[in-house]
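As provided, coords01.cif (mmCIF, C-alpha atoms) reads as follows.
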```
data_my_file
loop_
_atom_site.label_atom_id
_atom_site.label_comp_id
_atom_site.auth_asym_id
_atom_site.auth_seq_id
_atom_site.Cartn_x
_atom_site.Cartn_y
_atom_site.Cartn_z
CA MET A 937 -19.50 7.13 16.97
CA ILE A 938 -17.44 7.38 13.77
CA SER A 939 -19.06 5.59 10.84
CA ASN A 940 -17.26 2.82 8.96
CA LYS A 941 -17.21 4.90 5.76
CA ILE A 942 -15.49 7.82 7.51
CA MET A 943 -13.01 5.48 9.20
CA ASN A 944 -12.22 3.75 5.89
CA LYS A 945 -11.54 7.10 4.19
CA TYR A 946 -9.31 8.13 7.10
CA ILE A 947 -7.26 4.93 6.96
CA ILE A 948 -6.85 5.13 3.16
CA SER A 949 -5.70 8.77 3.45
CA LEU A 950 -3.06 7.76 5.99
CA LEU A 951 -1.79 4.97 3.76
CA PHE A 952 -1.55 7.23 0.71
CA ALA A 953 0.38 9.67 2.87
CA ALA A 954 2.72 6.86 3.90
CA LEU A 955 3.29 6.02 0.24
CA SER A 956 4.31 9.60 -0.51
CA VAL A 957 6.94 9.76 2.23
CA PRO A 958 9.66 7.63 0.55
CA ALA A 959 9.31 9.58 -2.69
CA SER A 960 9.34 13.07 -1.13
CA ALA A 961 11.50 12.82 1.97
CA GLN A 962 15.06 14.12 1.63
CA LEU A 963 16.34 13.39 5.12
CA GLY A 964 18.47 10.31 4.53
CA ALA A 965 21.21 9.02 2.27
CA GLN A 966 19.86 8.95 -1.26
CA ARG A 967 19.41 5.70 -3.19
CA ASN A 968 18.41 5.00 -6.77
CA ASN A 969 17.67 1.29 -6.67
CA PHE A 970 15.03 0.19 -9.18
CA SER A 971 14.22 -3.54 -9.28
CA VAL A 972 11.76 -5.62 -11.28
CA GLY A 973 10.75 -9.26 -11.18
CA ILE A 974 8.05 -11.85 -10.65
CA ASN A 975 6.08 -13.20 -7.69
CA ALA A 976 4.02 -16.34 -7.07
CA GLY A 977 2.20 -17.82 -4.12
CA VAL A 978 -1.09 -18.97 -2.63
CA ASN A 979 -4.17 -17.16 -1.31
CA TYR A 980 -6.28 -18.37 1.58
CA ASN A 981 -9.53 -16.46 1.18
CA ASN A 982 -12.99 -16.15 2.66
CA ILE A 983 -15.80 -13.64 2.42
CA SER A 984 -17.10 -11.66 5.39
CA PHE A 985 -20.83 -12.17 4.88
CA ASN A 986 -23.62 -10.60 6.88
CA PRO A 987 -25.88 -12.63 7.31
CA THR A 988 -23.16 -15.15 8.08
CA ILE A 989 -22.30 -18.11 5.87
CA LYS A 990 -20.16 -20.88 7.36
CA GLN A 991 -16.97 -21.33 5.35
CA LYS A 992 -13.88 -23.55 5.22
CA GLY A 993 -11.65 -21.00 3.51
CA TYR A 994 -10.66 -21.10 -0.14
CA MET A 995 -7.08 -21.75 -1.27
CA ALA A 996 -5.91 -20.72 -4.76
CA TYR A 997 -3.11 -19.16 -6.82
CA VAL A 998 -1.73 -15.62 -6.88
CA GLY A 999 1.17 -14.33 -8.95
CA GLY A 1000 2.39 -11.62 -11.27
CA LEU A 1001 4.89 -8.81 -11.83
CA THR A 1002 6.64 -6.66 -9.21
CA ALA A 1003 8.47 -3.32 -9.49
CA ARG A 1004 10.24 -1.73 -6.52
CA TYR A 1005 12.05 1.59 -6.16
CA VAL A 1006 14.24 2.32 -3.12
CA SER A 1007 14.80 6.06 -2.78
CA GLU A 1008 16.79 6.51 0.43
CA LYS A 1009 18.23 5.10 3.62
CA TYR A 1010 17.27 6.89 6.81
CA PHE A 1011 19.44 5.67 9.71
CA SER A 1012 18.97 1.88 9.38
CA ILE A 1013 15.65 2.02 7.52
CA ILE A 1014 15.47 1.49 3.76
CA CYS A 1015 12.57 3.51 2.29
CA GLY A 1016 10.87 2.85 -1.01
CA THR A 1017 7.70 2.08 -2.92
CA GLN A 1018 6.46 -1.11 -4.59
CA VAL A 1019 3.81 -1.71 -7.25
CA GLU A 1020 2.51 -5.05 -8.51
CA LEU A 1021 0.25 -6.35 -11.25
CA ASN A 1022 -1.09 -9.76 -10.21
CA PHE A 1023 -3.52 -12.43 -11.29
CA SER A 1024 -5.27 -13.41 -8.08
CA GLN A 1025 -7.75 -16.22 -7.51
CA ARG A 1026 -10.11 -15.73 -4.59
CA GLY A 1027 -13.51 -17.03 -3.57
CA TRP A 1028 -15.07 -19.09 -0.83
CA GLU A 1029 -16.04 -22.66 0.04
CA GLU A 1030 -19.10 -23.22 2.17
CA MET A 1031 -19.26 -25.53 5.17
CA ILE A 1032 -22.54 -27.40 4.65
CA GLU A 1033 -23.14 -29.73 7.57
CA ASP A 1034 -26.74 -30.77 7.00
CA ASN A 1035 -26.16 -32.99 3.93
CA THR A 1036 -23.60 -34.14 1.37
CA ASN A 1037 -23.84 -30.99 -0.77
CA THR A 1038 -20.69 -29.00 -1.57
CA TYR A 1039 -20.44 -25.48 -2.92
CA SER A 1040 -17.56 -23.16 -3.75
CA ARG A 1041 -16.97 -20.16 -5.98
CA THR A 1042 -13.79 -19.24 -7.84
CA MET A 1043 -13.27 -15.53 -8.54
CA ASN A 1044 -10.42 -14.43 -10.84
CA TYR A 1045 -9.08 -10.91 -10.33
CA ILE A 1046 -6.42 -8.63 -11.77
CA GLU A 1047 -5.10 -6.75 -8.76
CA MET A 1048 -2.72 -3.85 -8.18
CA PRO A 1049 -1.23 -3.16 -4.72
CA PHE A 1050 0.44 0.24 -4.19
CA LEU A 1051 2.81 -0.30 -1.29
CA ALA A 1052 5.12 1.67 0.95
CA HIS A 1053 8.23 -0.48 1.44
CA LEU A 1054 10.36 -0.26 4.59
CA GLY A 1055 13.44 -2.46 5.01
CA PHE A 1056 15.42 -3.04 8.19
CA GLY A 1057 18.95 -4.40 8.32
CA LYS A 1058 21.92 -4.68 6.00
CA GLU A 1059 21.54 -3.71 2.36
CA GLN A 1060 23.70 -6.69 1.40
CA GLY A 1061 22.60 -9.99 2.90
CA THR A 1062 19.31 -10.63 4.69
CA GLN A 1063 16.88 -7.82 5.42
CA PHE A 1064 13.52 -7.75 7.21
CA PHE A 1065 10.87 -5.66 5.47
CA VAL A 1066 7.32 -4.37 5.86
CA ASN A 1067 4.92 -3.51 3.00
CA MET A 1068 1.63 -1.66 3.42
CA GLY A 1069 -0.82 0.33 1.35
CA PRO A 1070 -4.05 0.33 -0.66
CA GLN A 1071 -5.00 -2.27 -3.25
CA VAL A 1072 -7.48 -2.24 -6.11
CA ALA A 1073 -8.67 -5.18 -8.20
CA PHE A 1074 -11.00 -5.93 -11.09
CA LEU A 1075 -13.03 -9.14 -11.41
CA LEU A 1076 -12.32 -10.93 -14.70
CA SER A 1077 -14.47 -14.03 -14.28
CA GLU A 1078 -16.16 -16.24 -11.72
CA LYS A 1079 -17.42 -19.80 -11.56
CA GLU A 1080 -19.74 -21.62 -9.15
CA ASN A 1081 -18.90 -25.22 -8.30
CA PHE A 1082 -21.85 -27.41 -7.22
CA SER A 1083 -21.92 -31.05 -6.15
CA SER A 1084 -23.94 -33.45 -8.32
CA ASP A 1085 -26.67 -33.82 -5.65
CA TRP A 1086 -27.04 -30.06 -5.17
CA ASP A 1087 -30.11 -28.87 -3.24
CA ALA A 1088 -30.16 -25.32 -1.86
CA SER A 1089 -33.56 -25.59 -0.19
CA ASN A 1090 -32.31 -26.82 3.18
CA ARG A 1091 -29.83 -24.50 4.89
CA PRO A 1092 -29.55 -24.04 8.67
CA ASN A 1093 -29.51 -20.24 8.56
CA LYS A 1094 -31.85 -19.96 5.53
CA VAL A 1095 -29.30 -17.94 3.54
CA ASN A 1096 -29.31 -19.16 -0.04
CA TYR A 1097 -29.64 -16.07 -2.24
CA GLN A 1098 -25.91 -16.12 -3.12
CA TYR A 1099 -26.48 -19.13 -5.40
CA ASN A 1100 -26.76 -18.57 -9.17
CA LYS A 1101 -26.05 -14.91 -8.51
CA LYS A 1102 -23.11 -13.17 -10.15
CA ALA A 1103 -21.08 -10.57 -8.28
CA ASP A 1104 -22.68 -7.14 -8.57
CA ASN A 1105 -19.44 -5.20 -8.14
CA LYS A 1106 -16.46 -6.05 -10.35
CA LEU A 1107 -14.26 -3.40 -8.74
CA ASP A 1108 -12.74 -4.41 -5.41
CA TYR A 1109 -10.61 -2.27 -3.10
CA GLY A 1110 -9.10 -2.49 0.33
CA LEU A 1111 -5.98 -2.36 2.49
CA VAL A 1112 -3.03 -4.74 2.44
CA GLY A 1113 -0.09 -5.21 4.77
CA GLY A 1114 2.69 -7.75 4.92
CA ALA A 1115 6.14 -8.59 6.24
CA GLY A 1116 8.97 -10.87 5.25
CA PHE A 1117 12.64 -11.32 4.46
CA ASP A 1118 14.70 -10.13 1.50
CA ILE A 1119 17.92 -12.03 0.70
CA ASN A 1120 20.07 -9.76 -1.48
CA SER A 1121 22.53 -11.92 -3.42
CA LYS A 1122 24.80 -11.42 -6.42
CA VAL A 1123 22.09 -12.78 -8.73
CA GLY A 1124 19.21 -10.73 -7.33
CA HIS A 1125 16.74 -10.45 -4.47
CA PHE A 1126 14.85 -13.45 -3.12
CA LEU A 1127 11.86 -12.49 -0.97
CA LEU A 1128 9.52 -14.52 1.22
CA GLU A 1129 6.46 -12.59 2.41
CA GLY A 1130 3.20 -13.10 4.25
CA ARG A 1131 0.32 -10.68 3.66
CA TYR A 1132 -3.16 -9.89 4.87
CA TYR A 1133 -5.73 -8.13 2.69
CA PHE A 1134 -8.77 -6.48 4.26
CA GLY A 1135 -11.46 -5.76 1.67
CA LEU A 1136 -13.45 -2.55 2.04
CA GLY A 1137 -15.73 -3.13 -0.94
CA ASP A 1138 -18.58 -5.65 -1.26
CA ILE A 1139 -19.01 -8.18 -4.06
CA PHE A 1140 -22.82 -8.01 -3.76
CA LYS A 1141 -24.98 -4.91 -3.48
CA ASN A 1142 -25.92 -4.02 0.06
CA ASP A 1143 -29.05 -2.04 -0.74
CA ASN A 1144 -31.24 -2.31 2.37
CA SER A 1145 -34.38 -1.96 0.24
CA ASN A 1146 -33.97 -5.59 -0.86
CA VAL A 1147 -34.20 -8.25 1.85
CA ASN A 1148 -32.37 -10.71 -0.41
CA ASN A 1149 -29.13 -8.74 -0.17
CA PHE A 1150 -26.13 -9.02 2.10
CA ASP A 1151 -25.29 -6.14 4.40
CA LYS A 1152 -21.64 -7.08 3.94
CA SER A 1153 -19.76 -9.31 1.48
CA SER A 1154 -16.08 -8.36 1.48
CA HIS A 1155 -12.87 -10.31 0.88
CA ASN A 1156 -10.42 -11.33 3.57
CA THR A 1157 -7.22 -12.84 2.20
CA ILE A 1158 -4.08 -14.28 3.75
CA SER A 1159 -1.35 -14.92 1.20
CA VAL A 1160 2.16 -16.33 1.20
CA ARG A 1161 4.36 -15.58 -1.78
CA LEU A 1162 7.90 -15.83 -3.13
CA THR A 1163 9.33 -12.97 -5.19
CA TYR A 1164 12.45 -12.70 -7.31
CA LEU A 1165 13.76 -9.22 -8.20
CA PHE A 1166 16.81 -8.13 -10.17
CA ASP A 1167 18.28 -4.63 -10.03
CA LEU A 1168 18.08 -2.38 -13.07
CA THR A 1169 19.73 0.55 -11.27
CA LYS A 1170 21.64 0.81 -7.99
#
```
Take the structure from the file and write it as structure tokens.
Amino acid sequence: MISNKIMNKYIISLLFAALSVPASAQLGAQRNNFSVGINAGVNYNNISFNPTIKQKGYMAYVGGLTARYVSEKYFSIICGTQVELNFSQRGWEEMIEDNTNTYSRTMNYIEMPFLAHLGFGKEQGTQFFVNMGPQVAFLLSEKENFSSDWDASNRPNKVNYQYNKKADNKLDYGLVGGAGFDINSKVGHFLLEGRYYFGLGDIFKNDNSNVNNFDKSSHNTISVRLTYLFDLTK
């Protein structure tokens, strides 16, 4: 069996290779389209915990700056790269069924996706696109939100060592992929995109020597965002 660490390294290597293709390939009609702009949207996040914690999913803001470079057109495929610098709110909200307690945690990140961009369709008008690649993020701050009658002593699965515990790892990394539509108008590009982020890092240490640790505590994020780009070069 191939270990998860080896598989993760293999997937990341493939994605970095995919990112290098638009910049290095010389097979299609050359383009020199550099665009910049802004993006904004919402995250729907939870944490993959092991041992498991029941969650409702956590909804919060994501937005920032986008830069995209289209280098060539190969048959009907537009090839390029895209980089972003975003402020991203993530976290989780627990589903506590045994009493009236509520608990959630807000985690504020600066994140940078490095994406291969593939567009399909007309260069003027509406185009379908796919983005994929690695993403890194750094935790800026976090806040726990407790109800006024908070009592952590009674939990069905006896998992309560996440409370009053700050994240051990500020650096987060993983894989992101998305798809959407790009409307290229006279005043710029208007994009609607849905994405999924699969975290490969853990927010808490998973040292097996400590029984009060999680074996896994990684982000899973679905996001929907709008982006506006204007061309600096064509």
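A straight line drawn from atom CA of A:Gln1025 to atom CA of A:Ala996 is 5.6 Å long.
For the pair atom CA of A:Lys1122 and atom CA of A:Pro1049, the interatomic distance is 27.4 Å.
The protein and nucleic acid residues lying at most 7 Å from A:Ala1003 are Ser971, Val972, Gly973, Gln1018, Val1019 and Glu1020 of chain A, with all atoms listed in the file considered and sequence neighbours fewer than 3 positions away removed.
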Keeping only C-alpha atoms, write those residues as a tab-separated table (two decimals), in the frame of the given file.
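Written file, out-v4.tsv:
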```tsv
chain	number	residue	atom	x	y	z
A	971	SER	CA	14.22	-3.54	-9.28
A	972	VAL	CA	11.76	-5.62	-11.28
A	973	GLY	CA	10.75	-9.26	-11.18
A	1018	GLN	CA	6.46	-1.11	-4.59
A	1019	VAL	CA	3.81	-1.71	-7.25
A	1020	GLU	CA	2.51	-5.05	-8.51
```
Worksheet item: Looking at all atoms listed in the file, which of A:Leu1001, A:Ala1103, A:Ala1073, A:Val1112 is the one that sits closest to A:Leu1051?
Response: A:Val1112
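Every residue that the PyMOL selection byres ((chain A and resi 1075) around 10) selects in this file is listed here: Ser1024, Gln1025, Arg1026, Met1043, Asn1044, Tyr1045, Ile1046, Glu1047, Ala1073, Phe1074, Leu1076, Ser1077, Glu1078, Ala1103, Asn1105, Lys1106, Leu1107, Asp1108 and Ile1139 of chain A.
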Could you check which residues have any atom within 9 Å of (-24.6, -18.5, -5.2), counting all atoms listed in the file with coordinates taken straight from the file, and then list them as a PDB file with C-alpha atoms, in the coordinates of the input?
```pdb
ATOM      1  CA  TYR A1039     -20.440 -25.480  -2.920  1.00  0.00           C
ATOM      2  CA  SER A1040     -17.560 -23.160  -3.750  1.00  0.00           C
ATOM      3  CA  ARG A1041     -16.970 -20.160  -5.980  1.00  0.00           C
ATOM      4  CA  GLU A1080     -19.740 -21.620  -9.150  1.00  0.00           C
ATOM      5  CA  ASN A1096     -29.310 -19.160  -0.040  1.00  0.00           C
ATOM      6  CA  TYR A1097     -29.640 -16.070  -2.240  1.00  0.00           C
ATOM      7  CA  GLN A1098     -25.910 -16.120  -3.120  1.00  0.00           C
ATOM      8  CA  TYR A1099     -26.480 -19.130  -5.400  1.00  0.00           C
ATOM      9  CA  ASN A1100     -26.760 -18.570  -9.170  1.00  0.00           C
ATOM     10  CA  LYS A1101     -26.050 -14.910  -8.510  1.00  0.00           C
ATOM     11  CA  LYS A1102     -23.110 -13.170 -10.150  1.00  0.00           C
TER      12      LYS A1102
END
```
Item to complete: Would you kindly return, as a list in words, each protein, DNA or RNA residue with an atom no farther than 12 Å from any atom of A:Thr1157, considering all atoms listed in the file and excluding same-chain residues fewer than 5 positions away?
Response: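 So, after excluding close chain neighbours, the residues are Val978, Asn979, Tyr980, Asn981, Asn982, Ile983, Ser984, Gly993, Tyr994, Met995, Ala996, Tyr997, Val998, Ser1024, Gln1025, Arg1026, Gly1027, Trp1028, Gly1110, Leu1111, Val1112, Gly1113, Gly1114, Gly1130, Arg1131, Tyr1132, Tyr1133, Phe1134 and Gly1135 of chain A.
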Practice prompt. Pull out every residue that the PyMOL selection byres ((chain A and resi 1129) around 10) matches in the shown coordinates and put them as a list in words.
Written response: Gly977, Phe1064, Phe1065, Val1066, Asn1067, Gly1114, Ala1115, Gly1116, Phe1117, Asp1118, Leu1127, Leu1128, Gly1130, Arg1131, Ser1159, Val1160, Arg1161, Leu1162 and Thr1163 of chain A
Taking C-alpha atoms for each residue, export the selection above as a PDB file, in the frame of the given file.
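What ended up in part.pdb:
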```pdb
ATOM      1  CA  GLY A 977       2.200 -17.820  -4.120  1.00  0.00           C
ATOM      2  CA  PHE A1064      13.520  -7.750   7.210  1.00  0.00           C
ATOM      3  CA  PHE A1065      10.870  -5.660   5.470  1.00  0.00           C
ATOM      4  CA  VAL A1066       7.320  -4.370   5.860  1.00  0.00           C
ATOM      5  CA  ASN A1067       4.920  -3.510   3.000  1.00  0.00           C
ATOM      6  CA  GLY A1114       2.690  -7.750   4.920  1.00  0.00           C
ATOM      7  CA  ALA A1115       6.140  -8.590   6.240  1.00  0.00           C
ATOM      8  CA  GLY A1116       8.970 -10.870   5.250  1.00  0.00           C
ATOM      9  CA  PHE A1117      12.640 -11.320   4.460  1.00  0.00           C
ATOM     10  CA  ASP A1118      14.700 -10.130   1.500  1.00  0.00           C
ATOM     11  CA  LEU A1127      11.860 -12.490  -0.970  1.00  0.00           C
ATOM     12  CA  LEU A1128       9.520 -14.520   1.220  1.00  0.00           C
ATOM     13  CA  GLY A1130       3.200 -13.100   4.250  1.00  0.00           C
ATOM     14  CA  ARG A1131       0.320 -10.680   3.660  1.00  0.00           C
ATOM     15  CA  SER A1159      -1.350 -14.920   1.200  1.00  0.00           C
ATOM     16  CA  VAL A1160       2.160 -16.330   1.200  1.00  0.00           C
ATOM     17  CA  ARG A1161       4.360 -15.580  -1.780  1.00  0.00           C
ATOM     18  CA  LEU A1162       7.900 -15.830  -3.130  1.00  0.00           C
ATOM     19  CA  THR A1163       9.330 -12.970  -5.190  1.00  0.00           C
TER      20      THR A1163
END
```
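Distances to A:His1053 were evaluated for A:Asn1156, A:Ser1084, A:Ser1007, A:Thr1036 using only C-alpha atoms, and the minimum falls at A:Ser1007.
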Output as a PDB file, in the frame of the given file: stretch 1094-1105 of chain A, completed with all heavy atoms.
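Final output, part16.pdb:
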```pdb
ATOM      1  N   LYS A1094     -30.910 -20.416   6.554  1.00  0.00           N
ATOM      2  CA  LYS A1094     -31.850 -19.960   5.530  1.00  0.00           C
ATOM      3  C   LYS A1094     -31.256 -18.919   4.578  1.00  0.00           C
ATOM      4  O   LYS A1094     -31.995 -18.181   3.937  1.00  0.00           O
ATOM      5  CB  LYS A1094     -33.120 -19.376   6.180  1.00  0.00           C
ATOM      6  CG  LYS A1094     -33.777 -20.311   7.189  1.00  0.00           C
ATOM      7  CD  LYS A1094     -34.186 -21.643   6.567  1.00  0.00           C
ATOM      8  CE  LYS A1094     -34.875 -22.535   7.590  1.00  0.00           C
ATOM      9  NZ  LYS A1094     -35.217 -23.866   7.031  1.00  0.00           N
ATOM     10  N   VAL A1095     -29.943 -18.865   4.468  1.00  0.00           N
ATOM     11  CA  VAL A1095     -29.300 -17.940   3.540  1.00  0.00           C
ATOM     12  C   VAL A1095     -28.919 -18.711   2.279  1.00  0.00           C
ATOM     13  O   VAL A1095     -28.020 -19.556   2.308  1.00  0.00           O
ATOM     14  CB  VAL A1095     -28.041 -17.295   4.159  1.00  0.00           C
ATOM     15  CG1 VAL A1095     -27.361 -16.363   3.153  1.00  0.00           C
ATOM     16  CG2 VAL A1095     -28.403 -16.530   5.421  1.00  0.00           C
ATOM     17  N   ASN A1096     -29.610 -18.443   1.193  1.00  0.00           N
ATOM     18  CA  ASN A1096     -29.310 -19.160  -0.040  1.00  0.00           C
ATOM     19  C   ASN A1096     -29.398 -18.257  -1.279  1.00  0.00           C
ATOM     20  O   ASN A1096     -29.394 -18.746  -2.400  1.00  0.00           O
ATOM     21  CB  ASN A1096     -30.238 -20.372  -0.217  1.00  0.00           C
ATOM     22  CG  ASN A1096     -31.705 -20.007  -0.197  1.00  0.00           C
ATOM     23  OD1 ASN A1096     -32.076 -18.847  -0.385  1.00  0.00           O
ATOM     24  ND2 ASN A1096     -32.556 -20.998   0.055  1.00  0.00           N
ATOM     25  N   TYR A1097     -29.492 -16.940  -1.086  1.00  0.00           N
ATOM     26  CA  TYR A1097     -29.640 -16.070  -2.240  1.00  0.00           C
ATOM     27  C   TYR A1097     -28.310 -15.703  -2.890  1.00  0.00           C
ATOM     28  O   TYR A1097     -28.263 -14.905  -3.820  1.00  0.00           O
ATOM     29  CB  TYR A1097     -30.437 -14.799  -1.903  1.00  0.00           C
ATOM     30  CG  TYR A1097     -30.215 -14.212  -0.535  1.00  0.00           C
ATOM     31  CD1 TYR A1097     -29.166 -13.324  -0.296  1.00  0.00           C
ATOM     32  CD2 TYR A1097     -31.077 -14.530   0.514  1.00  0.00           C
ATOM     33  CE1 TYR A1097     -28.994 -12.773   0.964  1.00  0.00           C
ATOM     34  CE2 TYR A1097     -30.896 -13.980   1.761  1.00  0.00           C
ATOM     35  CZ  TYR A1097     -29.857 -13.117   1.990  1.00  0.00           C
ATOM     36  OH  TYR A1097     -29.673 -12.574   3.237  1.00  0.00           O
ATOM     37  N   GLN A1098     -27.192 -16.302  -2.433  1.00  0.00           N
ATOM     38  CA  GLN A1098     -25.910 -16.120  -3.120  1.00  0.00           C
ATOM     39  C   GLN A1098     -25.750 -17.076  -4.299  1.00  0.00           C
ATOM     40  O   GLN A1098     -24.878 -16.874  -5.153  1.00  0.00           O
ATOM     41  CB  GLN A1098     -24.739 -16.315  -2.147  1.00  0.00           C
ATOM     42  CG  GLN A1098     -24.541 -17.743  -1.641  1.00  0.00           C
ATOM     43  CD  GLN A1098     -25.377 -18.054  -0.416  1.00  0.00           C
ATOM     44  OE1 GLN A1098     -26.391 -17.408  -0.170  1.00  0.00           O
ATOM     45  NE2 GLN A1098     -24.941 -19.023   0.366  1.00  0.00           N
ATOM     46  N   TYR A1099     -26.611 -18.110  -4.364  1.00  0.00           N
ATOM     47  CA  TYR A1099     -26.480 -19.130  -5.400  1.00  0.00           C
ATOM     48  C   TYR A1099     -27.049 -18.625  -6.729  1.00  0.00           C
ATOM     49  O   TYR A1099     -28.082 -17.956  -6.772  1.00  0.00           O
ATOM     50  CB  TYR A1099     -27.183 -20.419  -4.977  1.00  0.00           C
ATOM     51  CG  TYR A1099     -26.716 -20.940  -3.632  1.00  0.00           C
ATOM     52  CD1 TYR A1099     -27.630 -21.312  -2.651  1.00  0.00           C
ATOM     53  CD2 TYR A1099     -25.362 -21.048  -3.336  1.00  0.00           C
ATOM     54  CE1 TYR A1099     -27.215 -21.778  -1.420  1.00  0.00           C
ATOM     55  CE2 TYR A1099     -24.931 -21.515  -2.098  1.00  0.00           C
ATOM     56  CZ  TYR A1099     -25.863 -21.872  -1.149  1.00  0.00           C
ATOM     57  OH  TYR A1099     -25.442 -22.336   0.072  1.00  0.00           O
ATOM     58  N   ASN A1100     -26.355 -19.003  -7.814  1.00  0.00           N
ATOM     59  CA  ASN A1100     -26.760 -18.570  -9.170  1.00  0.00           C
ATOM     60  C   ASN A1100     -26.872 -17.054  -9.275  1.00  0.00           C
ATOM     61  O   ASN A1100     -27.691 -16.534 -10.021  1.00  0.00           O
ATOM     62  CB  ASN A1100     -28.086 -19.227  -9.569  1.00  0.00           C
ATOM     63  CG  ASN A1100     -27.978 -20.734  -9.647  1.00  0.00           C
ATOM     64  OD1 ASN A1100     -27.099 -21.272 -10.321  1.00  0.00           O
ATOM     65  ND2 ASN A1100     -28.861 -21.429  -8.935  1.00  0.00           N
ATOM     66  N   LYS A1101     -26.041 -16.385  -8.520  1.00  0.00           N
ATOM     67  CA  LYS A1101     -26.050 -14.910  -8.510  1.00  0.00           C
ATOM     68  C   LYS A1101     -24.625 -14.431  -8.760  1.00  0.00           C
ATOM     69  O   LYS A1101     -23.714 -14.723  -7.977  1.00  0.00           O
ATOM     70  CB  LYS A1101     -26.545 -14.386  -7.168  1.00  0.00           C
ATOM     71  CG  LYS A1101     -26.501 -12.870  -7.011  1.00  0.00           C
ATOM     72  CD  LYS A1101     -27.005 -12.468  -5.639  1.00  0.00           C
ATOM     73  CE  LYS A1101     -26.835 -10.972  -5.374  1.00  0.00           C
ATOM     74  NZ  LYS A1101     -27.637 -10.139  -6.300  1.00  0.00           N
ATOM     75  N   LYS A1102     -24.432 -13.698  -9.847  1.00  0.00           N
ATOM     76  CA  LYS A1102     -23.110 -13.170 -10.150  1.00  0.00           C
ATOM     77  C   LYS A1102     -22.793 -11.977  -9.250  1.00  0.00           C
ATOM     78  O   LYS A1102     -23.689 -11.321  -8.718  1.00  0.00           O
ATOM     79  CB  LYS A1102     -23.040 -12.737 -11.624  1.00  0.00           C
ATOM     80  CG  LYS A1102     -23.086 -13.889 -12.602  1.00  0.00           C
ATOM     81  CD  LYS A1102     -22.883 -13.399 -14.024  1.00  0.00           C
ATOM     82  CE  LYS A1102     -22.836 -14.561 -15.004  1.00  0.00           C
ATOM     83  NZ  LYS A1102     -22.616 -14.110 -16.411  1.00  0.00           N
ATOM     84  N   ALA A1103     -21.508 -11.728  -9.078  1.00  0.00           N
ATOM     85  CA  ALA A1103     -21.080 -10.570  -8.280  1.00  0.00           C
ATOM     86  C   ALA A1103     -21.618  -9.285  -8.904  1.00  0.00           C
ATOM     87  O   ALA A1103     -21.544  -9.095 -10.122  1.00  0.00           O
ATOM     88  CB  ALA A1103     -19.561 -10.525  -8.205  1.00  0.00           C
ATOM     89  N   ASP A1104     -22.152  -8.415  -8.075  1.00  0.00           N
ATOM     90  CA  ASP A1104     -22.680  -7.140  -8.570  1.00  0.00           C
ATOM     91  C   ASP A1104     -21.562  -6.133  -8.844  1.00  0.00           C
ATOM     92  O   ASP A1104     -21.674  -5.323  -9.767  1.00  0.00           O
ATOM     93  CB  ASP A1104     -23.642  -6.538  -7.540  1.00  0.00           C
ATOM     94  CG  ASP A1104     -24.885  -7.397  -7.333  1.00  0.00           C
ATOM     95  OD1 ASP A1104     -25.494  -7.788  -8.348  1.00  0.00           O
ATOM     96  OD2 ASP A1104     -25.233  -7.681  -6.175  1.00  0.00           O
ATOM     97  N   ASN A1105     -20.519  -6.195  -8.042  1.00  0.00           N
ATOM     98  CA  ASN A1105     -19.440  -5.200  -8.140  1.00  0.00           C
ATOM     99  C   ASN A1105     -18.162  -5.875  -8.629  1.00  0.00           C
ATOM    100  O   ASN A1105     -17.590  -6.718  -7.931  1.00  0.00           O
ATOM    101  CB  ASN A1105     -19.197  -4.553  -6.775  1.00  0.00           C
ATOM    102  CG  ASN A1105     -20.429  -3.866  -6.243  1.00  0.00           C
ATOM    103  OD1 ASN A1105     -21.114  -3.163  -6.968  1.00  0.00           O
ATOM    104  ND2 ASN A1105     -20.732  -4.088  -4.965  1.00  0.00           N
TER     105      ASN A1105
END
```
